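Trainee: Got a structure for you, written out below as structure tokens; questions coming shortly.
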Amino acid sequence: MTAFILRRLAQSLLVLFVTSILVFGGLYLVGDPIEILVHPEADQIEKERARVALGLDKPVVEQYYLFLKGALTGNLGNSFVYAKPALEIIFERMPATMELAILAMVISVFLGIPLGLYAGLRPNSPFSRFIMTSSIVGFSLPTFWVGLLLILFFAVNLGWLPSTGRGPTTDVFGLQLSIFSWEGLKYAFLPALNLALLKLALIIRLTRAQTREQGLLDYIKFARAKGLKSSRVVGVHLLKNILIPLVTVIGLELGSVIAYAIVTETIFAWPGMGKLVIDSIFQLDRPVVVAYLLVVVAMYIIINLVVDILYSLLDPRVRIAEQH
Amino acid sequence: MTASKSQKFGMNPVRRLLVGASLAASVALSTSWSTVSFSQEIKDLSIALSTPVTTVDPHFHNLTPNNAMAAHVFETLVKTDAALKTYPGLAESWKALSDTEWEFKLRKGVKWHNGEPFTAQDVAATIKRIPNVPNSPASFAVFVRAITDVNIVDDHTIRFKTKEPYPLLPSDMVSVAIVPKAIAETAKTEDFNSGKAMIGTGPFRFQQYVSGDRVIITRNNDYWGDKPDWDKVTFRIITSAPARVAALLSGDVHMIEGVPTADAAKLKKDKRVEVSNAVSNRMIYLHMDSNRKTNSPFITAADGKPMEANPLTDARVRQAISKMIDRNAIVSRVMEGQAIPAGQLLDEVFFGTSKKLKPDAYDPAGAKKLMAEAGYPNGFGVTLHSPNNRYINDGATAQAVAQFLSRNGIPTKVDTMPSNIFFSRASKMEFSFILAGWGAASGDTSSPLRALLATNDPKAGMGGANRGRFSSPELDALIAQAVVIIDDEKRDAALALASEKAIELMGLIPLHYEVSTWASRKGVQYPGRADQSTLAHDVKRAK
């Protein structure tokens with residue numbers, strides 16, 4: 001197990017290094033941040049001063065070298081717009097995105113698995129057919145459009161929920177989170193639902209496929225023949241076996257939920273990392289964009305590592321195979 | 001064995017009926033909630049802004065949303081009204097003692113938010129801080145650059161010396177937010193953002209700034225001027241235009257700025273909402289490659305074959321192009337009425353404009369004649385470049401312009417791109433024909449004349465945005481003369497003369513002036529401002 005983890009960590013460092021080169025190269029060769037940052041009415045003297053102050057008068061390779069030097073000590077550069085370390089700004093906004101992503105995953109898992117199980121156990125009932133058709137709609141419709149529709153319906157027409165923004169935050173273990181209060185949940189519900197729709201569709205279809213497949217296997221027949229209650233057969237034996245591929249997919253999808261959050265955060269004015277990176281791209285705030293991409297790549301790597309470890313814990317066959 | 005259908009699903013018919021009825025009732029009830037009018041008095045105003053405030057330090061980043069936010073907590077010596085005319089702020093009066101010295105008499109009885117009295121020492125310390133704010137991406141140094149010497153005469157009188165005659169000094173002071181001496185000398189940008197250093201003299205006190213999300217301010221009950229109508233104001237940053245409109249309609253905010261043109265008409269008809277318009281100081285124009293005599297990058301012959309000559313260097317061709325564009329059609333169709341056709345660099349209400357200049361009428365016959373005179377009876381081909389996310393309907397305007405030109409003998413292609421790429425390429429002179437906008441913060445034409453039409457001269461700071469490299473020694477002389485006239489009336493006339501010369505030579509083709517739109521719930525009124533700022537103390541409770 002330890003050898004496995006160490007090998008993965010070494011691979012991750014390589015991935016991060018290559019990503020940093022690609023991202024840095026891509027960003028620094030496009031556009032001129034000074035034109036965007038400096039007030040349009042500033043004259044050339046101002047622009048030169050700003051260029052020097054932000055280190056943009058140096059050649060690209062030198063800028064990358066300075067960046068790498070800083071990165072090894074954990075400093076990914078200062079944001080052009082906020083003049084604060086880029087990493088600090090990202091970590092400031094991370095709790096907002098993470099709570100949205102986790103709420104979205106919770107909704108999609110706790111709604112998706114029961115619905116998928118039902119659709120798998122009773123495939124021909126009208127409710128099942130309805131679930132499956134809606135799931136197609138769920139992953140075909142674009143997120144931003146669905147988001148606007150949700151706002152229009154629930155906030156403007158019905159007035160049940162607030163239309164944009166994040167609710168009041170409470171201090172939880174030093175992090176500012178908003179989902180632990182009713183008020184906060186009201187604000188978080190629509191964006192989380194918007195984010196969750198895609199994953200919900202995916203989980204429903206996956207769970208149903210797994211249920212259909214596993215439900216036909218012998219051990220289920222034996223369990224029923226043994227006289228076990230239906231709820232125990234499904235809830236304990238079937239569920240455990242379909243959880244294995246489900247956990248893998250959920251882990252991968254958690255990473256992409258954080259990425260899709262960009263669109264949802266822009267529509268719902270949710271002050272998270274996604275909105276930060278969109279604004280930074282438009283403002284050509286390069287350090288923040290580079291730092292964001294590296295942080296997200298690192299998160300994907302960690303999530304995948306955790307999923308692989310969980311996988312081997314859940315499935316004894318994998319664990320035993322590894323030990324040999 | 002087989003239970004009845006309803007028992008299997010756990011709900012008997014009566015229960016199902018009750019659930020259905022209560023769902024229907026809640027839907028009916030809640031639709032009525034959102035149409036409840038604001039009959040009770042609003043104490044706490046919430047406003048949705050369209051562009052993010054990047055800091056609350058008033059000297060760090062010169063950006064319109066930051067400056068508008070600073071105006072609530074801090075004040076300037078000279079202020080501007082809705083039409084951008086100056087009036088006394090923290091300075092009661094000012095006069096030029098000589099061509100190179102100005103005296104400002106400061107207002108008495110003004111207190112900082114911490115109770116200390118406001119004096120000339122604070123002004124001097126502020127002016128010292130401004131050029132030295134570390135890491136500033138867009139500094140305010142340009143507004144105090146002209147000041148060579150600061151002389152504190154007494155607690156309420158201060159004098160500034162300039163190297164050369166500089167009539168724009170009072171105008172520049174509009175952008176200099178005054179902070180207390182102790183703060184100017186020691187505070188860093190982080191202290192402002194956290195609130196520790198947010199001590200001003202303004203009508204509001206600072207409460208909280210959450211980066212990218214909101215700014216909260218509360219009424220200053222000890223303010224020396226008219227107290228605002230609101231106990232507390234929350235500015236929410238909602239960059240997505242449809243989400244902003246939805247927030248207004250759902251009652252989450254009381255007022256929004258930056259109403260998209262597509263929604264303005266619908267909101268005007270909505271009884272719950274009031275819409276207000278104000279002509280802004282931003283002009284949308286076309287800049288042409290007026291200097292490269294040959295081999296302009298995107299100019300071809302009318303059939304697409306390469307062409308060496310550059311027709312845009314001939315003033316007659318530029319004038320012809322201006323006649324080919326039906327500005328009224330663009331304003332009514334593309335801008336959906338939310339613009340004003342332009343005939344010069346700023347709308348007539350602003351300082352330094354000429355009463356003689358009117359928007360060019362749509363005159364295809366006149367254009368044809370001019371083109372033939374200039375030696376291009378068969379026209380030529382060109383590509384129009386434009387940003388697509390910077391100005392209101394910029395991409396659509398560019399396409400409309402291209403269609404007008406193509407119809408009148410100049411086949412035009414259009415290439416739009418995000419503004420961050422557009423401006424860097426345009427400044428490197430990679431294009432021949434561009435659409436751009438210019439907002440004159442000072443509210444007078446010296447700004448566009450100097451930046452867009454004066455000969456490009458980096459050392460003198462002239463022509464910094466002159467991306468057509470238009471150059472006329474006559475115009476340069478008129479501009480140089482006008483900007484050093486201290487007397488307001490004479491300067492107004494001189495700038496008008498320079499504007500007329502610029503339009504005669506068609507250094508750029510003005511298209512339209514943007515109109516800024518605000519929308520608010522009934523009960524809340526905002527008259528609007530020409531610099532597109534949203535100021536909470538000017539938002540009034542409707543009587």
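Scheme for the structure tokens: letters A, B, ... for chains in order shown; per-chain residue numbers from 1; ligand numbers from 1 in order shown.
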Within 9 Å of region 222-235 of chain A, counting only C-alpha atoms, which residues qualify if same-chain residues fewer than 5 places away don't, as an mmCIF file with N, CA and C atoms, in the first residue's frame?

Mentor:
data_model
loop_
_atom_site.group_PDB
_atom_site.id
_atom_site.type_symbol
_atom_site.label_atom_id
_atom_site.label_comp_id
_atom_site.auth_asym_id
_atom_site.auth_seq_id
_atom_site.Cartn_x
_atom_site.Cartn_y
_atom_site.Cartn_z
ATOM 1 N N LEU A 117 -32.185 2.786 -7.893
ATOM 2 C CA LEU A 117 -32.535 1.459 -7.388
ATOM 3 C C LEU A 117 -33.958 1.104 -7.787
ATOM 4 N N GLY A 215 -28.896 -7.647 -9.977
ATOM 5 C CA GLY A 215 -30.142 -8.250 -9.518
ATOM 6 C C GLY A 215 -30.386 -9.636 -10.120
ATOM 7 N N LYS A 240 -24.183 -2.882 -1.446
ATOM 8 C CA LYS A 240 -22.726 -2.950 -1.270
ATOM 9 C C LYS A 240 -22.018 -3.261 -2.569
#

Trainee: Pick out the residues sitting within 9 Å of Ile147 (chain B), and hand them over as a PyMOL selection string; count only C-alpha atoms, and ignore anything fewer than 2 positions along from it in its own chain.

Mentor: chain B and resi 127+143-145+149-150+160-163+169

Trainee: Write a file of the selected residues as a compact mmCIF listing (two decimals), in the first residue's frame, keeping C-alpha atoms.

Mentor:
# COMPACT_ATOMS: atom_id res chain seq x y z
CA ILE B 127 -1.40 63.60 -2.04
CA PHE B 143 -4.16 62.87 -11.06
CA VAL B 144 -1.51 64.39 -8.81
CA ARG B 145 1.37 64.30 -11.25
CA ASP B 149 4.67 71.60 -4.53
CA VAL B 150 2.10 71.47 -1.70
CA PHE B 160 -0.67 73.67 -5.07
CA LYS B 161 2.06 74.71 -7.51
CA THR B 162 2.28 73.23 -11.00
CA LYS B 163 5.14 73.29 -13.48
CA LEU B 169 -6.31 70.60 -11.61

Trainee: Residues of chain A within 8 Å of chain B, counting only C-alpha atoms - could you list those as an MDAnalysis selection string?

Mentor: chainID A and resid 30:46 50 53:54 80:83 148 151:152 155:160 162:165 266:271 276 282:284

Trainee: Please report the interatomic distance between CA of Thr248 (chain A) and CA of Ala188 (chain A) in Å with one decimal.

Mentor: 26.1 Å

Trainee: Can you pull out every residue from region 140-272 of chain A that DSSP, working from the backbone, puts in alpha helix (DSSP H), and format the result as number ranges by chain?

Mentor: A: 140, 143-150, 182-215, 218-226, 230-232, 239-267

Trainee: Enumerate as a ChimeraX atom specification all residues of region 255-460 of chain B assigned to strand (DSSP E or B) by DSSP on the backbone, naming them with the chain letters and numbers the document uses.

Mentor: /B:255-257,273-288,294,299-301,306,309,339-341,351,380-387,412-417,433-439,444,457

Trainee: Could you jot down the CA of Leu505 (chain B) to CA of Lys356 (chain B) separation for me, Å, one decimal place?

Mentor: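 Computing it gives 15.1 Å between the two atoms.
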
Trainee: Need to verify the contact set: region 167-181 of chain A, 10 Å, only C-alpha atoms, exclusion of same-chain residues closer than 4 positions in sequence. Can you return it as an mmCIF file with C-alpha atoms, in the first residue's frame?

Mentor:
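Final output, saved to around06.cif:
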data_model
loop_
_atom_site.group_PDB
_atom_site.id
_atom_site.type_symbol
_atom_site.label_atom_id
_atom_site.label_comp_id
_atom_site.auth_asym_id
_atom_site.auth_seq_id
_atom_site.Cartn_x
_atom_site.Cartn_y
_atom_site.Cartn_z
ATOM 1 C CA GLU A 92 -10.372 32.334 0.708
ATOM 2 C CA ARG A 93 -12.962 31.459 -1.889
ATOM 3 C CA MET A 94 -12.559 27.713 -1.733
ATOM 4 C CA PRO A 95 -14.993 27.015 1.148
ATOM 5 C CA ALA A 96 -17.825 28.572 -0.875
ATOM 6 C CA MET A 98 -16.574 23.249 -1.816
ATOM 7 C CA GLU A 99 -19.789 23.613 0.141
ATOM 8 C CA LEU A 100 -21.724 24.050 -3.095
ATOM 9 C CA LEU A 103 -24.207 19.889 -1.311
ATOM 10 C CA PRO A 162 -33.723 33.925 -3.085
ATOM 11 C CA LEU A 185 -29.416 26.617 2.906
ATOM 12 C CA LYS A 186 -32.145 28.648 1.216
ATOM 13 C CA TYR A 187 -29.500 30.470 -0.797
ATOM 14 C CA ALA A 188 -27.475 27.350 -1.495
ATOM 15 C CA PHE A 189 -30.315 25.117 -2.599
ATOM 16 C CA TRP A 270 -22.003 32.641 -5.779
#

Trainee: Neighbours of Gln532 (chain B) within 12 Å (only C-alpha atoms; same-chain residues fewer than 5 positions away dropped), as a short mmCIF file (atom, residue, chain, number, x, y, z; two decimals) with N, CA and C atoms, in the first residue's frame?

Mentor:
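Result file is selection.cif:
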data_model
loop_
_atom_site.label_atom_id
_atom_site.label_comp_id
_atom_site.auth_asym_id
_atom_site.auth_seq_id
_atom_site.Cartn_x
_atom_site.Cartn_y
_atom_site.Cartn_z
N LEU B 49 -24.71 45.48 -8.30
CA LEU B 49 -23.75 46.11 -9.20
C LEU B 49 -23.38 45.13 -10.31
N SER B 50 -22.93 45.68 -11.45
CA SER B 50 -22.66 44.80 -12.58
C SER B 50 -21.19 44.44 -12.73
N THR B 51 -20.29 45.26 -12.18
CA THR B 51 -18.87 44.92 -12.29
C THR B 51 -18.27 44.82 -10.89
N LEU B 63 -10.47 52.26 -11.10
CA LEU B 63 -11.46 51.52 -11.88
C LEU B 63 -12.81 52.11 -11.52
N THR B 64 -13.68 52.25 -12.52
CA THR B 64 -14.96 52.93 -12.25
C THR B 64 -15.74 52.35 -11.06
N PRO B 65 -15.93 51.01 -10.95
CA PRO B 65 -16.69 50.53 -9.79
C PRO B 65 -16.00 50.82 -8.46
N ASN B 67 -14.07 53.42 -7.82
CA ASN B 67 -14.21 54.84 -7.53
C ASN B 67 -15.62 55.18 -7.07
N ALA B 68 -16.60 54.53 -7.68
CA ALA B 68 -17.98 54.78 -7.27
C ALA B 68 -18.18 54.33 -5.82
N ASP B 81 -21.45 66.59 -10.48
CA ASP B 81 -22.87 66.27 -10.38
C ASP B 81 -23.25 65.27 -11.47
N ALA B 82 -24.56 65.05 -11.67
CA ALA B 82 -24.99 64.01 -12.60
C ALA B 82 -24.53 64.28 -14.02
N ALA B 83 -24.31 65.57 -14.38
CA ALA B 83 -23.86 65.88 -15.73
C ALA B 83 -22.36 66.10 -15.76
N LEU B 84 -21.67 65.68 -14.71
CA LEU B 84 -20.21 65.78 -14.60
C LEU B 84 -19.70 67.21 -14.58
N GLU B 257 -28.04 48.24 -11.56
CA GLU B 257 -27.46 49.07 -12.60
C GLU B 257 -27.18 48.17 -13.79
N GLY B 258 -26.87 48.78 -14.93
CA GLY B 258 -26.51 47.96 -16.08
C GLY B 258 -27.65 47.08 -16.56
N VAL B 259 -28.80 47.68 -16.83
CA VAL B 259 -29.92 46.89 -17.35
C VAL B 259 -29.63 46.55 -18.81
N SER B 276 -34.71 54.31 -15.16
CA SER B 276 -34.20 55.67 -15.42
C SER B 276 -32.99 55.58 -16.34
N ASN B 277 -32.89 56.56 -17.22
CA ASN B 277 -31.80 56.61 -18.19
C ASN B 277 -30.97 57.85 -17.98
N ALA B 278 -29.69 57.79 -18.34
CA ALA B 278 -28.88 59.00 -18.34
C ALA B 278 -27.86 58.86 -19.46
N VAL B 279 -27.68 59.94 -20.26
CA VAL B 279 -26.66 59.86 -21.30
C VAL B 279 -25.31 59.78 -20.61
N SER B 280 -24.46 58.90 -21.09
CA SER B 280 -23.20 58.70 -20.39
C SER B 280 -22.09 59.45 -21.10
N ASN B 281 -20.92 59.43 -20.50
CA ASN B 281 -19.76 60.11 -21.08
C ASN B 281 -19.00 59.17 -22.00
N ARG B 282 -19.63 58.05 -22.35
CA ARG B 282 -18.90 57.12 -23.20
C ARG B 282 -19.39 57.21 -24.63
N GLY B 439 -14.61 56.58 -22.52
CA GLY B 439 -15.39 57.25 -21.49
C GLY B 439 -14.57 58.36 -20.89
N ALA B 440 -15.01 59.59 -21.01
CA ALA B 440 -14.23 60.72 -20.49
C ALA B 440 -14.62 60.96 -19.04
N ALA B 441 -13.77 60.47 -18.13
CA ALA B 441 -14.09 60.59 -16.70
C ALA B 441 -14.19 62.04 -16.27
N GLY B 443 -15.41 64.37 -17.94
CA GLY B 443 -16.62 64.99 -18.46
C GLY B 443 -16.34 66.13 -19.41
N GLU B 514 -23.31 56.03 -25.37
CA GLU B 514 -24.05 55.02 -24.60
C GLU B 514 -24.98 55.70 -23.61
N VAL B 515 -26.13 55.10 -23.41
CA VAL B 515 -27.05 55.59 -22.39
C VAL B 515 -27.04 54.57 -21.26
N SER B 516 -26.81 55.03 -20.05
CA SER B 516 -26.79 54.08 -18.93
C SER B 516 -28.20 53.94 -18.38
N THR B 517 -28.55 52.72 -18.02
CA THR B 517 -29.90 52.47 -17.53
C THR B 517 -29.86 51.86 -16.15
N TRP B 518 -30.70 52.38 -15.30
CA TRP B 518 -30.88 51.79 -13.96
C TRP B 518 -32.34 51.39 -13.82
N TYR B 526 -33.69 56.71 -8.74
CA TYR B 526 -32.31 57.13 -8.98
C TYR B 526 -32.27 57.89 -10.29
N PRO B 527 -31.87 59.18 -10.27
CA PRO B 527 -31.91 59.95 -11.50
C PRO B 527 -30.84 59.54 -12.52
#

Trainee: Would you pick out the contacts of region 200-213 of chain A at 10 Å or less, using only C-alpha atoms, so that residues sharing its chain but fewer than 2 positions from it are not included, and give the list as a ChimeraX atom specification?

Mentor: /A:104-123,128,131-140,193,195-198,215-217,234,238-239,241-243,245-246,249-250,253

Trainee: Let's have the selection written as a compact mmCIF listing (two decimals), in the first residue's frame, with C-alpha atoms.

Mentor:
# COMPACT_ATOMS: atom_id res chain seq x y z
CA ALA A 104 -24.66 19.11 -5.02
CA MET A 105 -23.05 15.68 -4.61
CA VAL A 106 -25.19 14.98 -1.54
CA ILE A 107 -28.34 15.85 -3.46
CA SER A 108 -27.34 13.78 -6.45
CA VAL A 109 -26.26 10.77 -4.36
CA PHE A 110 -29.15 10.73 -1.91
CA LEU A 111 -31.71 11.32 -4.63
CA GLY A 112 -29.95 9.41 -7.36
CA ILE A 113 -29.28 6.10 -5.65
CA PRO A 114 -32.85 5.50 -4.39
CA LEU A 115 -34.33 6.60 -7.70
CA GLY A 116 -31.87 4.46 -9.65
CA LEU A 117 -32.54 1.46 -7.39
CA TYR A 118 -36.26 1.83 -7.92
CA ALA A 119 -35.82 2.14 -11.67
CA GLY A 120 -33.63 -0.93 -11.64
CA LEU A 121 -35.89 -3.08 -9.48
CA ARG A 122 -39.12 -2.15 -11.23
CA PRO A 123 -38.00 -1.25 -14.73
CA SER A 128 -39.41 4.26 -13.68
CA ILE A 131 -37.32 8.79 -14.09
CA MET A 132 -35.32 7.52 -17.05
CA THR A 133 -36.76 10.09 -19.48
CA SER A 134 -36.13 12.94 -17.07
CA SER A 135 -32.57 11.77 -16.61
CA ILE A 136 -31.97 12.17 -20.34
CA VAL A 137 -33.31 15.69 -20.09
CA GLY A 138 -31.10 16.21 -17.06
CA PHE A 139 -27.84 15.68 -18.85
CA SER A 140 -28.83 17.23 -22.20
CA LEU A 193 -29.66 21.72 -7.50
CA LEU A 195 -25.03 21.69 -10.29
CA ALA A 196 -26.53 18.39 -9.19
CA LEU A 197 -28.81 17.80 -12.17
CA LEU A 198 -26.10 16.48 -14.43
CA GLY A 215 -30.14 -8.25 -9.52
CA LEU A 216 -29.93 -11.20 -11.90
CA LEU A 217 -26.93 -12.80 -10.24
CA VAL A 234 -31.50 -4.75 -1.55
CA LEU A 238 -27.15 -5.44 -3.53
CA LEU A 239 -26.18 -1.96 -2.43
CA ASN A 241 -21.93 -4.49 -4.59
CA ILE A 242 -23.14 -1.65 -6.72
CA LEU A 243 -21.33 0.86 -4.55
CA PRO A 245 -18.23 1.28 -9.44
CA LEU A 246 -20.47 4.01 -8.06
CA VAL A 249 -17.62 7.47 -10.69
CA ILE A 250 -18.67 9.72 -7.82
CA GLU A 253 -17.49 13.45 -10.83

Trainee: Need to verify the contact set: region 343-353 of chain B, 8 Å, only C-alpha atoms, exclusion of same-chain residues closer than 4 positions in sequence. Can you return it as a PyMOL selection string?

Mentor: chain B and resi 83-85+279+281-283+357-360+443-446+448-449+491-496+499-500+503+510-513

Trainee: Show which residues sit within 8 Å of Ile509 (chain B), as a ChimeraX atom specification. Count only C-alpha atoms, and ignore same-chain residues fewer than 2 positions away.

Mentor: /B:285-287,318,322,503,506-507,511

Trainee: Which distance in Å separates CA of Ser175 (chain B) and CA of Thr234 (chain B), to one decimal?

Mentor: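 Taking CA of Ser175 (chain B) and CA of Thr234 (chain B), their separation equals 23.4 Å.
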
Trainee: Select, from A:Ala101, A:Ala86, A:Val296, A:Val263, the residue with the minimum atom-to-atom distance to Thr143 (chain A), counting only C-alpha atoms.

Mentor: A:Val263

Trainee: Closest to Ala192 (chain A) among A:Leu254, A:Leu13, A:Ile102, A:Val277, using only C-alpha atoms?

Mentor: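 Nearest to Ala192 (chain A): A:Ile102.
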